[in-house]
file query_19.cif (mmCIF, C-alpha atoms)
data_structure
loop_
_atom_site.label_atom_id
_atom_site.label_comp_id
_atom_site.auth_asym_id
_atom_site.auth_seq_id
_atom_site.Cartn_x
_atom_site.Cartn_y
_atom_site.Cartn_z
CA MET A 1 -87.77 119.44 -104.11
CA ASP A 2 -88.44 121.56 -101.04
CA ASN A 3 -92.13 121.41 -101.75
CA LEU A 4 -91.94 117.65 -101.93
CA ARG A 5 -90.00 117.46 -98.67
CA GLU A 6 -92.56 119.67 -97.04
CA GLN A 7 -95.34 117.44 -98.27
CA LEU A 8 -93.53 114.34 -97.03
CA SER A 9 -92.87 115.82 -93.62
CA GLN A 10 -96.61 116.39 -93.25
CA LEU A 11 -97.04 112.62 -93.21
CA LYS A 12 -95.36 112.67 -89.82
CA ASN A 13 -98.71 113.81 -88.46
CA ILE A 14 -100.06 110.32 -88.97
CA GLN A 15 -100.70 109.02 -85.49
CA PRO A 16 -102.07 105.70 -84.24
CA ASP A 17 -105.42 105.62 -82.48
CA GLN A 18 -104.95 106.35 -78.78
CA GLY A 19 -107.28 103.54 -77.73
CA PHE A 20 -105.38 101.04 -79.83
CA SER A 21 -102.05 102.20 -78.40
CA THR A 22 -103.23 101.79 -74.80
CA ARG A 23 -104.75 98.35 -75.39
CA SER A 24 -101.72 97.14 -77.33
CA ARG A 25 -99.28 98.40 -74.70
CA LEU A 26 -101.13 96.66 -71.88
CA ALA A 27 -101.44 93.42 -73.83
CA ILE A 28 -97.75 93.37 -74.73
CA LEU A 29 -96.45 94.13 -71.27
CA SER A 30 -98.71 91.51 -69.67
CA THR A 31 -97.17 88.85 -71.94
CA SER A 32 -94.38 86.74 -70.52
CA GLN A 33 -90.96 87.11 -72.11
CA GLU A 34 -88.90 84.39 -73.74
CA THR A 35 -86.02 83.87 -71.35
CA PRO A 36 -83.00 82.33 -73.07
CA THR A 37 -82.51 78.90 -71.43
CA PRO A 38 -79.00 77.45 -71.08
CA LEU A 39 -78.22 74.33 -73.09
CA THR A 40 -78.54 70.99 -71.27
CA TRP A 41 -75.93 68.22 -71.49
CA LYS A 42 -78.35 66.18 -73.56
CA GLN A 43 -78.74 69.00 -76.10
CA VAL A 44 -74.97 69.45 -76.26
CA ALA A 45 -74.43 65.70 -76.72
CA MET A 46 -77.09 65.52 -79.41
CA GLY A 47 -75.55 68.49 -81.17
CA ILE A 48 -72.10 66.89 -81.12
CA PHE A 49 -73.57 63.60 -82.34
CA GLU A 50 -75.41 65.28 -85.20
CA TYR A 51 -72.48 67.41 -86.31
CA GLY A 52 -70.04 64.52 -85.79
CA GLY A 53 -72.16 62.20 -87.90
CA ALA A 54 -72.45 64.79 -90.64
CA LEU A 55 -68.70 65.41 -90.60
CA ALA A 56 -67.91 61.68 -90.69
CA LEU A 57 -70.25 61.17 -93.64
CA ALA A 58 -68.71 64.13 -95.42
CA ALA A 59 -65.21 62.73 -94.77
CA VAL A 60 -66.19 59.32 -96.17
CA LEU A 61 -67.66 60.92 -99.26
CA PHE A 62 -64.56 63.05 -99.67
CA VAL A 63 -62.29 59.99 -99.44
CA VAL A 64 -64.45 58.11 -101.95
CA ILE A 65 -64.47 61.02 -104.39
CA ALA A 66 -60.87 62.11 -103.89
CA GLY A 67 -59.51 58.54 -103.88
CA ASN A 68 -61.50 57.64 -106.99
CA THR A 69 -62.73 54.51 -105.21
CA PRO A 70 -64.94 52.38 -107.51
CA ILE A 71 -67.87 52.58 -105.11
CA GLY A 72 -70.20 51.42 -107.87
CA LYS A 73 -68.42 48.12 -108.05
CA MET A 74 -68.35 47.82 -104.28
CA LEU A 75 -72.06 48.37 -103.98
CA ALA A 76 -73.11 46.37 -107.09
CA PRO A 77 -74.72 42.95 -106.45
CA PHE A 78 -72.60 39.81 -107.13
CA ASP A 79 -72.85 38.73 -110.76
CA ALA A 80 -72.68 34.88 -110.87
CA GLY A 81 -72.93 34.81 -114.65
CA SER A 82 -69.58 36.51 -115.05
CA LEU A 83 -67.69 33.57 -113.47
CA ASN A 84 -65.85 30.93 -115.49
CA SER A 85 -67.37 27.53 -114.62
CA ALA A 86 -64.28 25.51 -115.62
CA HIS A 87 -62.11 27.68 -113.47
CA LEU A 88 -64.54 27.37 -110.60
CA GLN A 89 -64.57 23.58 -110.91
CA ALA A 90 -60.78 23.40 -110.85
CA GLU A 91 -60.77 25.64 -107.81
CA ALA A 92 -63.35 23.48 -106.10
CA GLU A 93 -61.32 20.34 -106.77
CA ALA A 94 -58.24 21.91 -105.35
CA ILE A 95 -60.19 22.81 -102.22
CA ASP A 96 -61.40 19.20 -101.91
CA ILE A 97 -57.83 17.87 -102.03
CA GLN A 98 -56.81 20.27 -99.34
CA ILE A 99 -59.66 19.11 -97.18
CA LYS A 100 -58.63 15.48 -97.64
CA LEU A 101 -55.08 16.23 -96.71
CA LEU A 102 -56.23 18.14 -93.70
CA ASP A 103 -58.51 15.26 -92.79
CA PHE A 104 -55.63 12.85 -93.17
CA ASP A 105 -53.57 14.89 -90.79
CA SER A 106 -56.37 14.98 -88.32
CA TYR A 107 -56.87 11.22 -88.66
CA GLU A 108 -53.27 10.72 -87.76
CA GLU A 109 -53.63 12.94 -84.75
CA ILE A 110 -56.77 11.11 -83.66
CA SER A 111 -55.19 7.70 -84.07
CA ALA A 112 -52.14 8.76 -82.13
CA SER A 113 -54.25 10.07 -79.33
CA ALA A 114 -56.34 6.91 -79.41
CA ALA A 115 -53.23 4.81 -79.13
CA ARG A 116 -52.04 6.89 -76.22
CA SER A 117 -55.35 6.58 -74.47
CA SER A 118 -55.35 2.78 -74.98
CA THR A 119 -52.07 2.31 -73.05
CA PRO A 120 -53.44 3.19 -69.57
CA ALA A 121 -56.41 1.02 -70.38
CA THR A 122 -54.12 -2.00 -70.80
CA SER A 123 -52.41 -1.36 -67.50
CA SER A 124 -55.75 -1.21 -65.86
CA THR A 125 -56.75 -4.47 -67.47
CA LYS A 126 -53.52 -5.93 -66.24
CA ASN A 127 -54.38 -4.90 -62.73
CA ILE A 128 -57.84 -6.24 -63.11
CA SER A 129 -56.48 -9.54 -64.44
CA LYS A 130 -54.15 -9.78 -61.51
CA LYS A 131 -57.02 -9.18 -59.14
CA SER A 132 -59.15 -11.69 -60.95
CA GLN A 133 -56.37 -14.23 -60.81
CA THR A 134 -56.25 -13.93 -57.11
CA SER A 135 -59.99 -14.43 -56.97
CA GLY A 136 -59.48 -17.74 -58.77
CA SER A 137 -61.77 -17.44 -61.85
CA THR A 138 -59.46 -18.62 -64.60
CA ASN A 139 -61.90 -18.19 -67.48
CA GLU A 140 -62.35 -14.54 -66.92
CA THR A 141 -58.67 -13.94 -66.55
CA SER A 142 -57.89 -15.71 -69.78
CA SER A 143 -60.32 -13.55 -71.65
CA LEU A 144 -58.91 -10.43 -70.10
CA ILE A 145 -55.41 -11.47 -70.96
CA VAL A 146 -56.55 -11.86 -74.52
CA SER A 147 -57.96 -8.41 -74.43
CA GLU A 148 -54.70 -7.19 -73.02
CA GLU A 149 -52.93 -8.62 -75.99
CA GLU A 150 -55.42 -7.09 -78.35
CA THR A 151 -55.08 -3.63 -76.89
CA SER A 152 -51.38 -3.71 -76.83
CA THR A 153 -51.19 -4.29 -80.57
CA THR A 154 -50.68 -1.24 -82.77
CA ILE A 155 -53.78 0.00 -84.56
CA LEU A 156 -53.65 1.58 -87.93
CA PRO A 157 -55.10 5.10 -88.29
CA ASP A 158 -57.86 3.89 -90.54
CA ASP A 159 -58.87 1.22 -88.10
CA ALA A 160 -58.81 3.69 -85.27
CA LEU A 161 -61.04 5.99 -87.20
CA LEU A 162 -63.43 3.22 -87.95
CA LEU A 163 -63.56 2.35 -84.29
CA LEU A 164 -64.11 5.94 -83.33
CA SER A 165 -66.81 6.37 -85.93
CA ARG A 166 -68.72 3.40 -84.46
CA MET B 1 -71.36 107.23 -76.90
CA GLY B 2 -68.96 104.31 -76.56
CA LEU B 3 -67.16 101.96 -78.89
CA PHE B 4 -68.96 98.87 -80.13
CA ALA B 5 -67.69 95.76 -81.86
CA ASP B 6 -69.61 94.06 -84.65
CA SER B 7 -69.64 90.34 -85.42
CA PHE B 8 -66.36 90.70 -87.35
CA GLY B 9 -64.63 92.25 -84.35
CA ARG B 10 -64.46 95.70 -85.95
CA ASN B 11 -64.79 98.55 -83.50
CA PHE B 12 -66.89 101.55 -84.33
CA GLU B 13 -68.68 104.36 -82.59
CA SER B 14 -72.39 104.11 -81.97
CA ILE B 15 -74.59 105.92 -84.47
CA PRO B 16 -75.94 109.17 -83.03
CA SER B 17 -79.67 109.52 -83.39
CA LEU B 18 -81.91 112.52 -82.89
CA SER B 19 -84.86 110.21 -82.47
CA MET B 20 -83.35 108.43 -79.48
CA LEU B 21 -84.75 108.70 -76.01
CA ASP B 22 -82.79 110.46 -73.29
CA GLY B 23 -80.75 107.82 -71.48
CA GLU B 24 -81.91 105.21 -73.94
CA ASP B 25 -78.95 102.91 -73.27
CA ASN B 26 -79.94 102.55 -69.62
CA ILE B 27 -83.61 102.10 -70.51
CA ILE B 28 -82.67 99.32 -72.93
CA LYS B 29 -80.54 97.65 -70.24
CA GLU B 30 -83.52 97.69 -67.89
CA ALA B 31 -85.78 96.32 -70.62
CA ILE B 32 -83.30 93.52 -71.28
CA LYS B 33 -83.56 92.60 -67.61
CA GLY B 34 -87.32 92.27 -68.13
CA GLU B 35 -88.37 95.62 -66.68
CA ALA B 36 -91.83 96.23 -68.16
CA SER B 37 -91.87 99.94 -67.37
CA ALA B 38 -88.60 100.43 -69.28
CA PHE B 39 -89.96 98.65 -72.32
CA GLY B 40 -93.15 100.69 -71.92
CA ARG B 41 -91.10 103.87 -72.35
CA LEU B 42 -89.52 102.47 -75.50
CA TYR B 43 -92.98 101.54 -76.74
CA ASP B 44 -94.36 105.02 -76.13
CA HIS B 45 -91.47 106.62 -77.96
CA TYR B 46 -91.17 104.35 -80.98
CA GLN B 47 -94.68 103.04 -81.53
CA PRO B 48 -96.00 106.04 -83.55
CA GLN B 49 -93.14 105.97 -86.06
CA ILE B 50 -93.33 102.20 -86.48
CA TYR B 51 -97.07 102.55 -86.99
CA ARG B 52 -96.53 105.24 -89.66
CA PHE B 53 -93.94 103.13 -91.40
CA ILE B 54 -96.30 100.16 -91.52
CA LEU B 55 -99.40 102.16 -92.42
CA ILE B 56 -97.73 103.81 -95.40
CA ARG B 57 -96.37 100.46 -96.57
CA VAL B 58 -99.54 98.45 -95.99
CA GLY B 59 -102.16 101.13 -96.62
CA HIS B 60 -104.80 99.82 -94.24
CA ARG B 61 -105.35 100.99 -90.70
CA GLU B 62 -106.43 97.72 -89.09
CA GLU B 63 -103.66 95.76 -90.73
CA ALA B 64 -101.18 98.42 -89.66
CA GLU B 65 -102.42 98.21 -86.07
CA ASP B 66 -102.14 94.44 -86.02
CA LEU B 67 -98.64 94.52 -87.47
CA THR B 68 -97.51 97.29 -85.13
CA HIS B 69 -98.78 95.30 -82.18
CA GLN B 70 -96.93 92.25 -83.48
CA VAL B 71 -93.69 94.21 -83.91
CA PHE B 72 -93.67 95.32 -80.28
CA LEU B 73 -94.86 91.95 -79.00
CA ASN B 74 -91.96 90.25 -80.79
CA ALA B 75 -89.58 92.91 -79.52
CA TRP B 76 -90.78 92.47 -75.91
CA LYS B 77 -90.40 88.71 -76.12
CA ARG B 78 -86.94 88.88 -77.67
CA VAL B 79 -85.52 91.86 -75.84
CA PRO B 80 -83.73 89.70 -73.19
CA SER B 81 -81.46 88.42 -75.96
CA TYR B 82 -81.03 91.88 -77.59
CA GLU B 83 -77.40 92.95 -77.90
CA PRO B 84 -76.73 96.68 -78.36
CA ARG B 85 -74.11 96.99 -81.08
CA GLY B 86 -74.04 100.70 -81.52
CA PHE B 87 -77.15 100.87 -83.69
CA PRO B 88 -80.22 102.72 -82.47
CA PHE B 89 -82.90 100.56 -80.87
CA SER B 90 -85.25 101.74 -83.61
CA SER B 91 -83.08 99.95 -86.22
CA TRP B 92 -83.95 96.68 -84.54
CA LEU B 93 -87.65 97.58 -84.46
CA TYR B 94 -87.64 98.57 -88.13
CA ARG B 95 -86.02 95.27 -89.04
CA ILE B 96 -88.76 93.36 -87.20
CA ALA B 97 -91.36 95.54 -88.94
CA ARG B 98 -89.85 94.96 -92.38
CA ASN B 99 -89.84 91.19 -91.88
CA LEU B 100 -93.46 91.25 -90.75
CA ILE B 101 -94.48 93.35 -93.76
CA ILE B 102 -92.73 90.87 -96.06
CA ASP B 103 -94.61 88.01 -94.36
CA PHE B 104 -97.83 90.03 -94.63
CA TYR B 105 -97.49 90.41 -98.39
CA ARG B 106 -96.40 86.81 -98.77
CA THR B 107 -99.54 85.47 -97.10
CA LYS B 108 -101.96 88.18 -98.19
CA LYS B 109 -101.88 88.65 -101.94
CA THR B 110 -104.62 91.27 -102.18
CA GLU B 111 -103.38 94.77 -102.91
CA ILE B 112 -104.97 97.37 -100.69
CA SER B 113 -105.75 100.77 -102.08
CA VAL B 114 -104.57 103.94 -100.42
CA ASP B 115 -108.19 105.07 -100.47
CA GLU B 116 -108.81 102.72 -97.59
CA ILE B 117 -106.70 104.90 -95.30
CA ASN B 118 -109.02 107.19 -93.41
CA GLU B 119 -108.42 110.89 -93.36
CA GLU B 120 -108.35 110.63 -89.59
CA ASP B 121 -105.47 108.19 -89.87
CA LEU B 122 -103.56 110.71 -91.89
CA GLY B 123 -103.94 113.27 -89.16
CA VAL B 124 -105.09 115.78 -91.74
CA ASN B 125 -108.72 116.26 -90.94
CA ASN B 126 -108.72 117.35 -87.35
CA SER B 127 -105.18 117.97 -86.24
CA LEU B 128 -104.23 120.23 -89.08
CA GLY B 129 -107.61 121.52 -90.21
CA GLU B 130 -106.46 121.27 -93.80
CA SER B 131 -108.55 122.15 -96.80
CA ALA B 132 -109.97 119.53 -99.17
CA ASP B 133 -107.18 120.31 -101.64
CA LYS B 134 -104.58 119.56 -99.01
CA LYS B 135 -106.21 116.19 -98.27
CA ILE B 136 -106.17 115.27 -101.93
CA GLU B 137 -102.55 116.33 -102.15
CA ILE B 138 -101.59 114.03 -99.28
CA GLU B 139 -103.64 111.16 -100.66
CA ASN B 140 -101.90 111.53 -104.00
CA LEU B 141 -98.56 111.58 -102.24
CA LEU B 142 -99.36 108.37 -100.37
CA TYR B 143 -100.55 106.78 -103.58
CA ALA B 144 -97.31 107.80 -105.30
CA ILE B 145 -95.17 106.44 -102.46
CA ARG B 146 -96.98 103.13 -102.59
CA ARG B 147 -96.25 102.86 -106.30
CA LEU B 148 -92.51 102.97 -105.59
CA LYS B 149 -90.35 99.91 -105.06
CA ASP B 150 -90.29 98.60 -101.48
CA GLU B 151 -86.74 99.78 -100.82
CA HIS B 152 -87.50 103.24 -102.25
CA GLN B 153 -90.58 103.48 -100.02
CA GLU B 154 -88.51 102.59 -96.97
CA VAL B 155 -85.87 105.17 -97.75
CA ILE B 156 -88.48 107.89 -98.35
CA ILE B 157 -90.25 107.10 -95.07
CA LEU B 158 -87.13 107.01 -92.95
CA ARG B 159 -85.22 109.86 -94.55
CA PHE B 160 -87.99 112.39 -95.29
CA ILE B 161 -90.88 111.49 -93.01
CA GLU B 162 -89.00 110.34 -89.91
CA ASP B 163 -85.97 112.60 -90.57
CA TYR B 164 -83.48 109.82 -90.03
CA SER B 165 -79.86 110.45 -90.93
CA ILE B 166 -78.15 108.50 -93.69
CA ALA B 167 -76.32 106.39 -91.06
CA GLU B 168 -79.51 105.62 -89.13
CA THR B 169 -81.37 104.73 -92.32
CA ALA B 170 -78.50 102.51 -93.40
CA SER B 171 -78.51 100.63 -90.11
CA ALA B 172 -82.30 100.30 -90.08
CA LEU B 173 -82.40 98.95 -93.63
CA ASN B 174 -79.21 96.92 -93.27
CA ARG B 175 -77.55 98.74 -96.17
CA SER B 176 -74.38 100.73 -96.64
CA GLN B 177 -74.55 104.50 -96.46
CA GLY B 178 -73.53 104.74 -100.12
CA ALA B 179 -76.39 102.46 -101.09
CA ILE B 180 -78.83 104.61 -99.10
CA LYS B 181 -77.64 107.78 -100.88
CA LEU B 182 -78.15 106.11 -104.22
CA LEU B 183 -81.54 104.70 -103.25
CA GLN B 184 -82.62 108.08 -101.91
CA HIS B 185 -81.69 109.82 -105.17
CA ARG B 186 -83.58 107.28 -107.26
CA ALA B 187 -86.55 107.21 -104.91
CA ILE B 188 -87.00 110.98 -105.05
CA ASN B 189 -86.70 111.04 -108.85
CA ASN B 190 -89.21 108.25 -109.22
CA LEU B 191 -91.58 109.90 -106.78
CA LYS B 192 -91.43 113.15 -108.72
CA LYS B 193 -92.15 111.32 -111.97
CA ILE B 194 -95.15 109.55 -110.47
CA LEU B 195 -96.53 112.79 -108.99
CA LYS B 196 -96.23 114.54 -112.39
CA GLN B 197 -98.27 111.84 -114.10
#

call {"tool": "encode", "arguments": {"input": "query_19.cif", "output": "structure tokens"}}
result
Amino acid sequence: MDNLREQLSQLKNIQPDQGFSTRSRLAILSTSQETPTPLTWKQVAMGIFEYGGALALAAVLFVVIAGNTPIGKMLAPFDAGSLNSAHLQAEAEAIDIQIKLLDFDSYEEISASAARSSTPATSSTKNISKKSQTSGSTNETSSLIVSEEETSTTILPDDALLLLSR
Amino acid sequence: MGLFADSFGRNFESIPSLSMLDGEDNIIKEAIKGEASAFGRLYDHYQPQIYRFILIRVGHREEAEDLTHQVFLNAWKRVPSYEPRGFPFSSWLYRIARNLIIDFYRTKKTEISVDEINEEDLGVNNSLGESADKKIEIENLLYAIRRLKDEHQEVIILRFIEDYSIAETASALNRSQGAIKLLQHRAINNLKKILKQ
């Protein structure tokens, strides 16, 4: 053992070449050092964004896994073949009826508003007729009076709609 | 010799080292500040032992020179961020050297024979004036060391060539002291077996 130790300690005499050591030393010390640069706001923000995104994704995955959410069903494309056509037709008809009823309501509203808007028009025609009477043209006034009568009559919702549609 | 805290917040005393420079702590502080002359002193002191470590591991003078240069170049570049944690500065250098040797073998698959080490490199021919038998003995020893496992080689070099203590060796090789004792025992036994063959 001692002999072996002695032999091993002799290896300590291994020395590098002096020329190499001098050249290497000069080359190393003439190299610029890496100075640790402080983090910029942009780097900090990017770091937060990256870690935040990773954490959010991990949280979503955790919720999906832990909550046993059927993500497969959520992500699967819509299968039209699995629908019952008779049921769909009945549903569609029901929707149509609702639309008609809604339309009917709106017709009523439109007709009522049309009737309201026709009232000031009659007053204006009355004024006009009065003015025309004073001017002395009896034909014109008679026609306007007729129109006054026509406008003052109540209009049914269907008729009002027809008028509006024209 | 003050108290140091590791990354787990445990306090411990710095490891005493015979191989340390006088006033090494202050020299390291100056080197951290970028003082070239301070790092130059560290280079002068530690370069030969790092070179020996690499030469015995790699077995080729030119490769050993290149790697030694790279070790100290890396150390010089990184020394501003070096944090003394009670371990000798050499531990840090040995860790850089070990990583470079691993990279060397990863990229260079060819095995280099010990025969490629010159007698001059061994310091046998001129400095000691040894006989031919002595040269053969040392060559055989180097050959035997290189046949050991990497970790056994490292323990042999640090413990018996560089005369490092168990604690210093443990810190340089990033192992526990118990593991170093075990490795040392196995390394010596294996070395004896190889030399007997």

call {"tool": "interface_residues", "arguments": {"input": "query_19.cif", "of": "chain A", "to": "chain B", "cutoff": "7 Å", "atoms": "all atoms listed in the file", "output": "short mmCIF file (atom, residue, chain, number, x, y, z; two decimals) with C-alpha atoms, keeping the file's coordinate frame"}}
result
data_model
loop_
_atom_site.label_atom_id
_atom_site.label_comp_id
_atom_site.auth_asym_id
_atom_site.auth_seq_id
_atom_site.Cartn_x
_atom_site.Cartn_y
_atom_site.Cartn_z
CA ARG A 5 -90.00 117.46 -98.67
CA LEU A 8 -93.53 114.34 -97.03
CA SER A 9 -92.87 115.82 -93.62
CA LEU A 11 -97.04 112.62 -93.21
CA LYS A 12 -95.36 112.67 -89.82
CA ASN A 13 -98.71 113.81 -88.46
CA ILE A 14 -100.06 110.32 -88.97
CA GLN A 15 -100.70 109.02 -85.49
CA PRO A 16 -102.07 105.70 -84.24
CA SER A 24 -101.72 97.14 -77.33
CA ILE A 28 -97.75 93.37 -74.73
CA LEU A 29 -96.45 94.13 -71.27
CA GLN A 33 -90.96 87.11 -72.11
CA GLU A 34 -88.90 84.39 -73.74
CA THR A 35 -86.02 83.87 -71.35
CA PRO A 36 -83.00 82.33 -73.07
#

call {"tool": "closest_residue", "arguments": {"input": "query_19.cif", "among": "B:Ile166, B:Ile136, B:Ile101, B:Leu67", "to": "Asp150 of chain B", "atoms": "only C-alpha atoms"}}
result
B:Ile101

call {"tool": "resolve_selection", "arguments": {"input": "query_19.cif", "expression": "the PyMOL selection byres ((chain A and resi 156) around 12)", "output": "PDB file with C-alpha atoms, in the frame of the given file"}}
result
ATOM      1  CA  TYR A 107     -56.870  11.220 -88.660  1.00  0.00           C
ATOM      2  CA  GLU A 108     -53.270  10.720 -87.760  1.00  0.00           C
ATOM      3  CA  GLU A 109     -53.630  12.940 -84.750  1.00  0.00           C
ATOM      4  CA  ILE A 110     -56.770  11.110 -83.660  1.00  0.00           C
ATOM      5  CA  SER A 111     -55.190   7.700 -84.070  1.00  0.00           C
ATOM      6  CA  ALA A 112     -52.140   8.760 -82.130  1.00  0.00           C
ATOM      7  CA  ALA A 114     -56.340   6.910 -79.410  1.00  0.00           C
ATOM      8  CA  ALA A 115     -53.230   4.810 -79.130  1.00  0.00           C
ATOM      9  CA  THR A 153     -51.190  -4.290 -80.570  1.00  0.00           C
ATOM     10  CA  THR A 154     -50.680  -1.240 -82.770  1.00  0.00           C
ATOM     11  CA  ILE A 155     -53.780   0.000 -84.560  1.00  0.00           C
ATOM     12  CA  PRO A 157     -55.100   5.100 -88.290  1.00  0.00           C
ATOM     13  CA  ASP A 158     -57.860   3.890 -90.540  1.00  0.00           C
ATOM     14  CA  ASP A 159     -58.870   1.220 -88.100  1.00  0.00           C
ATOM     15  CA  ALA A 160     -58.810   3.690 -85.270  1.00  0.00           C
ATOM     16  CA  LEU A 161     -61.040   5.990 -87.200  1.00  0.00           C
ATOM     17  CA  LEU A 162     -63.430   3.220 -87.950  1.00  0.00           C
ATOM     18  CA  LEU A 163     -63.560   2.350 -84.290  1.00  0.00           C
TER      19      LEU A 163
END

call {"tool": "atom_distance", "arguments": {"input": "query_19.cif", "atom1": "atom CA of Glu139 of chain B", "atom2": "atom CA of Gly59 of chain B"}}
result
10.9 Å

call {"tool": "atom_distance", "arguments": {"input": "query_19.cif", "atom1": "atom CA of Ser90 of chain B", "atom2": "atom CA of Asn174 of chain B"}}
result
12.4 Å

call {"tool": "atom_distance", "arguments": {"input": "query_19.cif", "atom1": "atom CA of Lys149 of chain B", "atom2": "atom CA of Gln177 of chain B"}}
result
18.6 Å

call {"tool": "closest_residue", "arguments": {"input": "query_19.cif", "among": "B:Ser165, B:Ile194, B:His152, B:Ile102", "to": "Leu182 of chain B", "atoms": "only C-alpha atoms"}}
result
B:His152

call {"tool": "residues_around", "arguments": {"input": "query_19.cif", "residues": "segment 168-171 of chain B", "least_positions_apart": "4", "cutoff": "7 Å", "atoms": "all atoms listed in the file", "output": "VMD selection string"}}
result
chain B and resid 15 17 87 91 158 to 159 164 175 to 177 180

call {"tool": "decode", "arguments": {"input": "query_19.cif", "residues": "segment 8-48 of chain A", "atoms": "C-alpha atoms", "output": "PDB file, in the first residue's frame"}}
result
ATOM      1  CA  LEU A   8       1.097   7.701  -6.975  1.00  0.00           C
ATOM      2  CA  SER A   9       2.678  10.683  -5.283  1.00  0.00           C
ATOM      3  CA  GLN A  10       5.389  10.636  -7.936  1.00  0.00           C
ATOM      4  CA  LEU A  11       2.727  11.579 -10.475  1.00  0.00           C
ATOM      5  CA  LYS A  12       2.588  14.956  -8.784  1.00  0.00           C
ATOM      6  CA  ASN A  13       5.758  15.761 -10.705  1.00  0.00           C
ATOM      7  CA  ILE A  14       3.717  16.037 -13.876  1.00  0.00           C
ATOM      8  CA  GLN A  15       3.907  19.672 -14.831  1.00  0.00           C
ATOM      9  CA  PRO A  16       2.437  21.601 -17.758  1.00  0.00           C
ATOM     10  CA  ASP A  17       4.740  23.090 -20.357  1.00  0.00           C
ATOM     11  CA  GLN A  18       5.919  26.522 -19.221  1.00  0.00           C
ATOM     12  CA  GLY A  19       5.348  28.072 -22.645  1.00  0.00           C
ATOM     13  CA  PHE A  20       1.804  26.778 -22.748  1.00  0.00           C
ATOM     14  CA  SER A  21       1.097  28.106 -19.251  1.00  0.00           C
ATOM     15  CA  THR A  22       2.324  31.612 -20.119  1.00  0.00           C
ATOM     16  CA  ARG A  23       0.404  31.780 -23.395  1.00  0.00           C
ATOM     17  CA  SER A  24      -2.772  30.407 -21.828  1.00  0.00           C
ATOM     18  CA  ARG A  25      -2.579  32.810 -18.885  1.00  0.00           C
ATOM     19  CA  LEU A  26      -2.177  35.840 -21.139  1.00  0.00           C
ATOM     20  CA  ALA A  27      -4.981  34.725 -23.451  1.00  0.00           C
ATOM     21  CA  ILE A  28      -7.389  34.127 -20.571  1.00  0.00           C
ATOM     22  CA  LEU A  29      -6.735  37.376 -18.770  1.00  0.00           C
ATOM     23  CA  SER A  30      -7.070  39.409 -21.974  1.00  0.00           C
ATOM     24  CA  THR A  31     -10.576  37.969 -22.479  1.00  0.00           C
ATOM     25  CA  SER A  32     -13.504  40.051 -21.319  1.00  0.00           C
ATOM     26  CA  GLN A  33     -15.583  38.663 -18.482  1.00  0.00           C
ATOM     27  CA  GLU A  34     -19.288  37.892 -18.544  1.00  0.00           C
ATOM     28  CA  THR A  35     -20.809  40.529 -16.298  1.00  0.00           C
ATOM     29  CA  PRO A  36     -24.172  39.458 -14.908  1.00  0.00           C
ATOM     30  CA  THR A  37     -26.729  41.919 -16.354  1.00  0.00           C
ATOM     31  CA  PRO A  38     -29.820  42.849 -14.326  1.00  0.00           C
ATOM     32  CA  LEU A  39     -33.175  41.730 -15.688  1.00  0.00           C
ATOM     33  CA  THR A  40     -35.149  44.282 -17.724  1.00  0.00           C
ATOM     34  CA  TRP A  41     -38.871  44.934 -17.245  1.00  0.00           C
ATOM     35  CA  LYS A  42     -39.537  43.266 -20.576  1.00  0.00           C
ATOM     36  CA  GLN A  43     -37.725  40.088 -19.481  1.00  0.00           C
ATOM     37  CA  VAL A  44     -39.614  40.081 -16.182  1.00  0.00           C
ATOM     38  CA  ALA A  45     -42.955  40.597 -17.963  1.00  0.00           C
ATOM     39  CA  MET A  46     -42.177  37.860 -20.462  1.00  0.00           C
ATOM     40  CA  GLY A  47     -41.193  35.528 -17.648  1.00  0.00           C
ATOM     41  CA  ILE A  48     -44.438  36.214 -15.782  1.00  0.00           C
TER      42      ILE A  48
END
